[in-house]
Amino acid sequence: MGLSTKTFSDKSALVTSFADEIITLLSQGINENGRASLVVSGGSTPLPLFAELSQRNLDWSKVDVTLADERWVDESHADSNTRLVKENLLQNNAASAHFVALYSHHNDAADGIAEAEGRLSSLAQPFDVLILGMGEDGHTASLFPCSEQIDQGLSLTSGRVCLAVQPQTAPHQRISLSLPALLNSKRIFLHLTGEKKQAVLQDALKNHTEKEKPITAVVNRAPVTLMWAP
Ligand SMILES: O=C(O)[C@H](O)[C@@H](O)[C@H](O)[C@H](O)COP(=O)(O)O
């Protein structure tokens, strides 16, 4: 479907404008449906955005926040995306938002899939806003090209909202939203900073298959807004 790009002079300008747009979309969702849903990614890129959003005025008690993917570690672990979101987004005004975790206390992520899918079924869908990141290998959410589960993750007919993923090139077993679950969003943003990520994305879109660079599977099927700053 394609990519439209919004380029900003620096990360701070990106964060301000991106937060404006997200708040507008969530407000619309609340006005139309009573509640709104926001799906965020982990990693380091969204941290300044989370801090900015947390300060914004919105009836956050009517917003459900969840993750595009989670590392299968307890919330007390430094790599937990739940911890990242709670410490950076669900603060200040946004402290009243309702967080829906993907992680549950099963040893194996595969045993937590049904529970995560059950929790997600309570959210307003299609999701109002999905914010994706991308790794330098072209993965998005935890749809890792190096994983044995990539076919399952990209399948449009698996009937699954979530899947367990074991990346070969990144730590921790993961739980990820599947491609159809990610696509079940009214607005999809890809939040990237730096020349390297821009180059990876352009190369992915021009020269690679969806299995090689899974971010292309999203861009090929839905309108995606790239929010980019050097
Ligand atoms: O939890 C995660 O690891 C993610 O959701 C992942 O898909 C992330 O968005 C990219 O790896 C980019 O991460 P950075 O922003 O740290 O580069």
# chains A, B, ... in the order shown; residues from 1 in each chain; ligands from 1
call {"tool": "select_by_dssp", "arguments": {"residues": "chain A", "states": "strand (DSSP E or B)", "output": "PyMOL selection string"}}
result
chain A and resi 2-7+36-40+63-67+69-71+98-99+127-132+140+143+162-165+174-177+185-193+223-229
call {"tool": "write_last_selection", "arguments": {"atoms": "N, CA and C atoms", "output": "short mmCIF file (atom, residue, chain, number, x, y, z; two decimals), in the first residue's frame"}}
result
data_model
loop_
_atom_site.label_atom_id
_atom_site.label_comp_id
_atom_site.auth_asym_id
_atom_site.auth_seq_id
_atom_site.Cartn_x
_atom_site.Cartn_y
_atom_site.Cartn_z
N GLY A 2 1.95 1.20 0.81
CA GLY A 2 2.91 2.26 0.65
C GLY A 2 3.24 3.10 1.85
N LEU A 3 4.34 3.80 1.62
CA LEU A 3 4.95 4.57 2.68
C LEU A 3 4.82 6.05 2.36
N SER A 4 4.35 6.84 3.32
CA SER A 4 4.48 8.29 3.17
C SER A 4 5.41 8.75 4.29
N THR A 5 6.31 9.64 3.95
CA THR A 5 7.38 10.00 4.88
C THR A 5 7.22 11.42 5.39
N LYS A 6 7.32 11.58 6.70
CA LYS A 6 7.40 12.91 7.30
C LYS A 6 8.81 13.05 7.85
N THR A 7 9.55 14.00 7.30
CA THR A 7 10.94 14.19 7.70
C THR A 7 11.04 15.42 8.60
N ALA A 36 -9.98 4.28 23.42
CA ALA A 36 -9.04 4.23 22.30
C ALA A 36 -7.91 3.27 22.64
N SER A 37 -7.27 2.72 21.59
CA SER A 37 -6.18 1.77 21.81
C SER A 37 -4.89 2.25 21.14
N LEU A 38 -3.81 2.09 21.86
CA LEU A 38 -2.49 2.52 21.41
C LEU A 38 -1.54 1.33 21.55
N VAL A 39 -0.94 0.92 20.44
CA VAL A 39 0.00 -0.20 20.44
C VAL A 39 1.39 0.36 20.20
N VAL A 40 2.28 0.14 21.13
CA VAL A 40 3.63 0.71 21.03
C VAL A 40 4.68 -0.40 20.92
N VAL A 63 -7.82 5.18 27.62
CA VAL A 63 -6.87 4.65 26.63
C VAL A 63 -6.31 3.32 27.11
N ASP A 64 -6.36 2.32 26.23
CA ASP A 64 -5.70 1.03 26.48
C ASP A 64 -4.38 1.03 25.73
N VAL A 65 -3.31 0.72 26.45
CA VAL A 65 -1.98 0.68 25.85
C VAL A 65 -1.49 -0.76 25.87
N THR A 66 -0.99 -1.22 24.72
CA THR A 66 -0.34 -2.53 24.72
C THR A 66 0.89 -2.48 23.83
N LEU A 67 1.52 -3.63 23.65
CA LEU A 67 2.80 -3.72 22.95
C LEU A 67 2.67 -4.49 21.64
N ASP A 69 5.20 -6.09 20.64
CA ASP A 69 5.97 -7.29 20.99
C ASP A 69 6.58 -7.13 22.37
N GLU A 70 6.92 -8.28 22.94
CA GLU A 70 7.51 -8.28 24.28
C GLU A 70 8.60 -9.33 24.36
N ARG A 71 9.63 -9.00 25.11
CA ARG A 71 10.66 -10.00 25.40
C ARG A 71 10.10 -10.87 26.53
N HIS A 98 -4.71 2.40 30.80
CA HIS A 98 -4.83 0.98 31.19
C HIS A 98 -3.86 0.16 30.35
N PHE A 99 -2.91 -0.49 31.00
CA PHE A 99 -1.91 -1.26 30.26
C PHE A 99 -2.31 -2.72 30.15
N PHE A 127 -7.07 -1.32 16.21
CA PHE A 127 -6.34 -0.43 17.10
C PHE A 127 -6.34 0.97 16.49
N ASP A 128 -6.47 1.97 17.34
CA ASP A 128 -6.48 3.35 16.82
C ASP A 128 -5.10 3.73 16.27
N VAL A 129 -4.07 3.41 17.03
CA VAL A 129 -2.71 3.82 16.63
C VAL A 129 -1.74 2.67 16.91
N LEU A 130 -0.94 2.34 15.91
CA LEU A 130 0.16 1.38 16.06
C LEU A 130 1.47 2.11 15.74
N ILE A 131 2.41 2.02 16.66
CA ILE A 131 3.74 2.60 16.42
C ILE A 131 4.75 1.46 16.33
N LEU A 132 5.33 1.32 15.16
CA LEU A 132 6.34 0.28 14.95
C LEU A 132 7.74 0.87 14.97
N THR A 140 10.50 -6.04 12.43
CA THR A 140 9.60 -5.10 13.08
C THR A 140 8.77 -5.89 14.06
N LEU A 143 8.96 -9.80 14.57
CA LEU A 143 8.97 -10.61 13.36
C LEU A 143 10.39 -10.58 12.81
N CYS A 162 -1.21 -13.54 18.12
CA CYS A 162 0.13 -13.52 18.70
C CYS A 162 0.88 -14.80 18.35
N LEU A 163 2.19 -14.72 18.39
CA LEU A 163 3.01 -15.92 18.25
C LEU A 163 4.26 -15.80 19.09
N ALA A 164 4.81 -16.97 19.42
CA ALA A 164 6.08 -17.02 20.15
C ALA A 164 7.20 -17.06 19.13
N VAL A 165 8.26 -16.30 19.39
CA VAL A 165 9.37 -16.19 18.44
C VAL A 165 10.68 -16.38 19.18
N ARG A 174 10.55 -14.23 22.47
CA ARG A 174 9.63 -13.09 22.35
C ARG A 174 8.20 -13.56 22.17
N ILE A 175 7.29 -12.64 22.41
CA ILE A 175 5.92 -12.78 21.92
C ILE A 175 5.70 -11.58 21.00
N SER A 176 5.11 -11.84 19.85
CA SER A 176 4.90 -10.76 18.89
C SER A 176 3.47 -10.79 18.39
N LEU A 177 2.94 -9.62 18.06
CA LEU A 177 1.71 -9.61 17.30
C LEU A 177 2.05 -10.15 15.92
N SER A 185 -5.08 -2.12 12.33
CA SER A 185 -4.86 -0.82 12.97
C SER A 185 -5.35 0.27 12.03
N LYS A 186 -6.00 1.30 12.61
CA LYS A 186 -6.49 2.39 11.77
C LYS A 186 -5.33 3.22 11.23
N ARG A 187 -4.33 3.46 12.07
CA ARG A 187 -3.16 4.22 11.62
C ARG A 187 -1.89 3.48 12.04
N ILE A 188 -0.98 3.36 11.10
CA ILE A 188 0.29 2.68 11.37
C ILE A 188 1.43 3.67 11.14
N PHE A 189 2.24 3.85 12.17
CA PHE A 189 3.43 4.70 12.06
C PHE A 189 4.67 3.84 12.20
N LEU A 190 5.70 4.22 11.47
CA LEU A 190 7.03 3.63 11.64
C LEU A 190 7.94 4.75 12.13
N HIS A 191 8.48 4.56 13.31
CA HIS A 191 9.27 5.62 13.97
C HIS A 191 10.74 5.25 13.88
N LEU A 192 11.47 5.98 13.04
CA LEU A 192 12.90 5.70 12.84
C LEU A 192 13.70 6.98 12.98
N THR A 193 14.90 6.83 13.52
CA THR A 193 15.82 7.97 13.54
C THR A 193 17.19 7.50 13.05
N PRO A 223 -1.20 1.49 4.45
CA PRO A 223 -0.56 2.80 4.42
C PRO A 223 0.23 2.97 5.72
N VAL A 224 1.50 3.27 5.58
CA VAL A 224 2.37 3.44 6.75
C VAL A 224 2.99 4.84 6.67
N THR A 225 2.92 5.57 7.79
CA THR A 225 3.56 6.88 7.85
C THR A 225 4.91 6.73 8.54
N LEU A 226 5.97 7.02 7.79
CA LEU A 226 7.31 6.99 8.38
C LEU A 226 7.57 8.35 9.03
N MET A 227 7.85 8.31 10.33
CA MET A 227 8.25 9.52 11.06
C MET A 227 9.76 9.42 11.22
N TRP A 228 10.49 10.27 10.53
CA TRP A 228 11.95 10.12 10.49
C TRP A 228 12.67 11.44 10.78
N ALA A 229 13.72 11.34 11.54
CA ALA A 229 14.62 12.48 11.75
C ALA A 229 16.05 11.93 11.76
#
call {"tool": "residues_near_ligand", "arguments": {"ligand": "ligand 1", "cutoff": "7 Å", "atoms": "only C-alpha atoms and all ligand atoms", "output": "number ranges by chain"}}
result
A: 41-46, 68-71, 81, 132-135, 139-142
call {"tool": "closest_residue", "arguments": {"among": "A:Pro145, A:Pro126, A:Pro214, A:Gly138", "to": "Ala181 (chain A)", "atoms": "only C-alpha atoms"}}
result
A:Pro126
call {"tool": "residues_around", "arguments": {"residues": "Gly112 (chain A)", "least_positions_apart": "4", "cutoff": "9 Å", "atoms": "only C-alpha atoms", "output": "PyMOL selection string"}}
result
chain A and resi 102-108+116-117+164+175
call {"tool": "select_by_dssp", "arguments": {"residues": "region 102-226 of chain A", "states": "helix (DSSP H, G or I)", "output": "PyMOL selection string"}}
result
chain A and resi 109-120+150-154+179-183+195-207+215-219
call {"tool": "decode", "arguments": {"residues": "region 39-83 of chain A", "atoms": "N, CA and C atoms", "output": "PDB file, in the first residue's frame"}}
result
ATOM      1  N   VAL A  39      -0.943   0.923  20.436  1.00  0.00           N
ATOM      2  CA  VAL A  39       0.000  -0.197  20.442  1.00  0.00           C
ATOM      3  C   VAL A  39       1.394   0.364  20.199  1.00  0.00           C
ATOM      4  N   VAL A  40       2.284   0.136  21.132  1.00  0.00           N
ATOM      5  CA  VAL A  40       3.629   0.712  21.026  1.00  0.00           C
ATOM      6  C   VAL A  40       4.675  -0.395  20.917  1.00  0.00           C
ATOM      7  N   SER A  41       5.859   0.003  20.464  1.00  0.00           N
ATOM      8  CA  SER A  41       6.990  -0.918  20.380  1.00  0.00           C
ATOM      9  C   SER A  41       7.976  -0.608  21.483  1.00  0.00           C
ATOM     10  N   GLY A  42       8.879  -1.561  21.714  1.00  0.00           N
ATOM     11  CA  GLY A  42       9.941  -1.331  22.687  1.00  0.00           C
ATOM     12  C   GLY A  42      11.165  -0.765  21.997  1.00  0.00           C
ATOM     13  N   GLY A  43      12.323  -1.050  22.545  1.00  0.00           N
ATOM     14  CA  GLY A  43      13.552  -0.518  21.969  1.00  0.00           C
ATOM     15  C   GLY A  43      13.847   0.872  22.488  1.00  0.00           C
ATOM     16  N   SER A  44      14.887   1.471  21.964  1.00  0.00           N
ATOM     17  CA  SER A  44      15.335   2.768  22.493  1.00  0.00           C
ATOM     18  C   SER A  44      14.708   3.963  21.771  1.00  0.00           C
ATOM     19  N   THR A  45      14.334   3.800  20.511  1.00  0.00           N
ATOM     20  CA  THR A  45      13.843   4.941  19.725  1.00  0.00           C
ATOM     21  C   THR A  45      12.649   5.639  20.371  1.00  0.00           C
ATOM     22  N   PRO A  46      11.643   4.923  20.888  1.00  0.00           N
ATOM     23  CA  PRO A  46      10.446   5.630  21.369  1.00  0.00           C
ATOM     24  C   PRO A  46      10.581   6.321  22.723  1.00  0.00           C
ATOM     25  N   LEU A  47      11.715   6.200  23.385  1.00  0.00           N
ATOM     26  CA  LEU A  47      11.798   6.746  24.754  1.00  0.00           C
ATOM     27  C   LEU A  47      11.441   8.234  24.847  1.00  0.00           C
ATOM     28  N   PRO A  48      12.015   9.114  24.001  1.00  0.00           N
ATOM     29  CA  PRO A  48      11.628  10.536  24.102  1.00  0.00           C
ATOM     30  C   PRO A  48      10.157  10.772  23.757  1.00  0.00           C
ATOM     31  N   LEU A  49       9.624   9.970  22.848  1.00  0.00           N
ATOM     32  CA  LEU A  49       8.199  10.091  22.504  1.00  0.00           C
ATOM     33  C   LEU A  49       7.339   9.702  23.700  1.00  0.00           C
ATOM     34  N   PHE A  50       7.706   8.634  24.387  1.00  0.00           N
ATOM     35  CA  PHE A  50       6.950   8.210  25.564  1.00  0.00           C
ATOM     36  C   PHE A  50       6.949   9.331  26.613  1.00  0.00           C
ATOM     37  N   ALA A  51       8.099   9.934  26.818  1.00  0.00           N
ATOM     38  CA  ALA A  51       8.191  11.006  27.821  1.00  0.00           C
ATOM     39  C   ALA A  51       7.288  12.175  27.440  1.00  0.00           C
ATOM     40  N   GLU A  52       7.277  12.511  26.153  1.00  0.00           N
ATOM     41  CA  GLU A  52       6.441  13.625  25.682  1.00  0.00           C
ATOM     42  C   GLU A  52       4.951  13.281  25.827  1.00  0.00           C
ATOM     43  N   LEU A  53       4.578  12.102  25.379  1.00  0.00           N
ATOM     44  CA  LEU A  53       3.162  11.700  25.464  1.00  0.00           C
ATOM     45  C   LEU A  53       2.679  11.715  26.913  1.00  0.00           C
ATOM     46  N   SER A  54       3.547  11.288  27.809  1.00  0.00           N
ATOM     47  CA  SER A  54       3.123  11.173  29.211  1.00  0.00           C
ATOM     48  C   SER A  54       2.712  12.520  29.803  1.00  0.00           C
ATOM     49  N   GLN A  55       3.206  13.602  29.186  1.00  0.00           N
ATOM     50  CA  GLN A  55       2.911  14.955  29.697  1.00  0.00           C
ATOM     51  C   GLN A  55       1.658  15.549  29.055  1.00  0.00           C
ATOM     52  N   ARG A  56       1.150  14.896  28.004  1.00  0.00           N
ATOM     53  CA  ARG A  56       0.061  15.504  27.237  1.00  0.00           C
ATOM     54  C   ARG A  56      -1.294  15.336  27.941  1.00  0.00           C
ATOM     55  N   ASN A  57      -2.150  16.327  27.673  1.00  0.00           N
ATOM     56  CA  ASN A  57      -3.507  16.274  28.215  1.00  0.00           C
ATOM     57  C   ASN A  57      -4.390  15.406  27.342  1.00  0.00           C
ATOM     58  N   LEU A  58      -4.995  14.417  27.956  1.00  0.00           N
ATOM     59  CA  LEU A  58      -5.911  13.502  27.263  1.00  0.00           C
ATOM     60  C   LEU A  58      -6.608  12.743  28.376  1.00  0.00           C
ATOM     61  N   ASP A  59      -7.823  12.264  28.121  1.00  0.00           N
ATOM     62  CA  ASP A  59      -8.442  11.419  29.146  1.00  0.00           C
ATOM     63  C   ASP A  59      -7.804  10.036  29.056  1.00  0.00           C
ATOM     64  N   TRP A  60      -6.601   9.942  29.605  1.00  0.00           N
ATOM     65  CA  TRP A  60      -5.820   8.709  29.488  1.00  0.00           C
ATOM     66  C   TRP A  60      -6.535   7.519  30.131  1.00  0.00           C
ATOM     67  N   SER A  61      -7.486   7.773  31.051  1.00  0.00           N
ATOM     68  CA  SER A  61      -8.191   6.644  31.672  1.00  0.00           C
ATOM     69  C   SER A  61      -9.040   5.888  30.649  1.00  0.00           C
ATOM     70  N   LYS A  62      -9.235   6.525  29.473  1.00  0.00           N
ATOM     71  CA  LYS A  62     -10.013   5.868  28.415  1.00  0.00           C
ATOM     72  C   LYS A  62      -9.109   5.288  27.324  1.00  0.00           C
ATOM     73  N   VAL A  63      -7.823   5.184  27.623  1.00  0.00           N
ATOM     74  CA  VAL A  63      -6.874   4.653  26.629  1.00  0.00           C
ATOM     75  C   VAL A  63      -6.310   3.317  27.111  1.00  0.00           C
ATOM     76  N   ASP A  64      -6.360   2.324  26.228  1.00  0.00           N
ATOM     77  CA  ASP A  64      -5.701   1.034  26.480  1.00  0.00           C
ATOM     78  C   ASP A  64      -4.380   1.033  25.730  1.00  0.00           C
ATOM     79  N   VAL A  65      -3.314   0.722  26.448  1.00  0.00           N
ATOM     80  CA  VAL A  65      -1.975   0.683  25.850  1.00  0.00           C
ATOM     81  C   VAL A  65      -1.488  -0.757  25.871  1.00  0.00           C
ATOM     82  N   THR A  66      -0.986  -1.224  24.725  1.00  0.00           N
ATOM     83  CA  THR A  66      -0.339  -2.531  24.716  1.00  0.00           C
ATOM     84  C   THR A  66       0.892  -2.477  23.835  1.00  0.00           C
ATOM     85  N   LEU A  67       1.521  -3.633  23.652  1.00  0.00           N
ATOM     86  CA  LEU A  67       2.800  -3.724  22.948  1.00  0.00           C
ATOM     87  C   LEU A  67       2.674  -4.492  21.640  1.00  0.00           C
ATOM     88  N   ALA A  68       3.458  -4.076  20.644  1.00  0.00           N
ATOM     89  CA  ALA A  68       3.550  -4.851  19.402  1.00  0.00           C
ATOM     90  C   ALA A  68       4.329  -6.132  19.648  1.00  0.00           C
ATOM     91  N   ASP A  69       5.196  -6.091  20.638  1.00  0.00           N
ATOM     92  CA  ASP A  69       5.968  -7.287  20.988  1.00  0.00           C
ATOM     93  C   ASP A  69       6.583  -7.133  22.367  1.00  0.00           C
ATOM     94  N   GLU A  70       6.922  -8.278  22.935  1.00  0.00           N
ATOM     95  CA  GLU A  70       7.505  -8.281  24.284  1.00  0.00           C
ATOM     96  C   GLU A  70       8.596  -9.330  24.359  1.00  0.00           C
ATOM     97  N   ARG A  71       9.627  -8.995  25.111  1.00  0.00           N
ATOM     98  CA  ARG A  71      10.661 -10.004  25.399  1.00  0.00           C
ATOM     99  C   ARG A  71      10.104 -10.873  26.529  1.00  0.00           C
ATOM    100  N   TRP A  72      10.283 -12.191  26.432  1.00  0.00           N
ATOM    101  CA  TRP A  72       9.651 -13.083  27.418  1.00  0.00           C
ATOM    102  C   TRP A  72      10.475 -13.113  28.704  1.00  0.00           C
ATOM    103  N   VAL A  73      10.437 -11.992  29.389  1.00  0.00           N
ATOM    104  CA  VAL A  73      11.142 -11.858  30.668  1.00  0.00           C
ATOM    105  C   VAL A  73      10.192 -11.175  31.640  1.00  0.00           C
ATOM    106  N   ASP A  74      10.440 -11.430  32.908  1.00  0.00           N
ATOM    107  CA  ASP A  74       9.614 -10.813  33.941  1.00  0.00           C
ATOM    108  C   ASP A  74       9.790  -9.294  33.908  1.00  0.00           C
ATOM    109  N   GLU A  75       8.756  -8.622  34.379  1.00  0.00           N
ATOM    110  CA  GLU A  75       8.760  -7.153  34.398  1.00  0.00           C
ATOM    111  C   GLU A  75       9.953  -6.574  35.173  1.00  0.00           C
ATOM    112  N   SER A  76      10.509  -7.349  36.088  1.00  0.00           N
ATOM    113  CA  SER A  76      11.637  -6.851  36.874  1.00  0.00           C
ATOM    114  C   SER A  76      12.937  -6.849  36.058  1.00  0.00           C
ATOM    115  N   HIS A  77      12.935  -7.506  34.887  1.00  0.00           N
ATOM    116  CA  HIS A  77      14.143  -7.596  34.052  1.00  0.00           C
ATOM    117  C   HIS A  77      14.349  -6.273  33.296  1.00  0.00           C
ATOM    118  N   ALA A  78      15.609  -5.875  33.162  1.00  0.00           N
ATOM    119  CA  ALA A  78      15.926  -4.598  32.488  1.00  0.00           C
ATOM    120  C   ALA A  78      15.460  -4.588  31.029  1.00  0.00           C
ATOM    121  N   ASP A  79      15.326  -5.769  30.398  1.00  0.00           N
ATOM    122  CA  ASP A  79      14.933  -5.821  28.987  1.00  0.00           C
ATOM    123  C   ASP A  79      13.428  -5.914  28.774  1.00  0.00           C
ATOM    124  N   SER A  80      12.649  -5.865  29.843  1.00  0.00           N
ATOM    125  CA  SER A  80      11.193  -5.986  29.710  1.00  0.00           C
ATOM    126  C   SER A  80      10.603  -4.731  29.059  1.00  0.00           C
ATOM    127  N   ASN A  81       9.824  -4.947  27.998  1.00  0.00           N
ATOM    128  CA  ASN A  81       9.146  -3.800  27.375  1.00  0.00           C
ATOM    129  C   ASN A  81       8.019  -3.272  28.265  1.00  0.00           C
ATOM    130  N   THR A  82       7.414  -4.163  29.051  1.00  0.00           N
ATOM    131  CA  THR A  82       6.403  -3.710  30.015  1.00  0.00           C
ATOM    132  C   THR A  82       7.025  -2.698  30.970  1.00  0.00           C
ATOM    133  N   ARG A  83       8.186  -3.048  31.457  1.00  0.00           N
ATOM    134  CA  ARG A  83       8.885  -2.140  32.366  1.00  0.00           C
ATOM    135  C   ARG A  83       9.187  -0.803  31.671  1.00  0.00           C
TER     136      ARG A  83
END
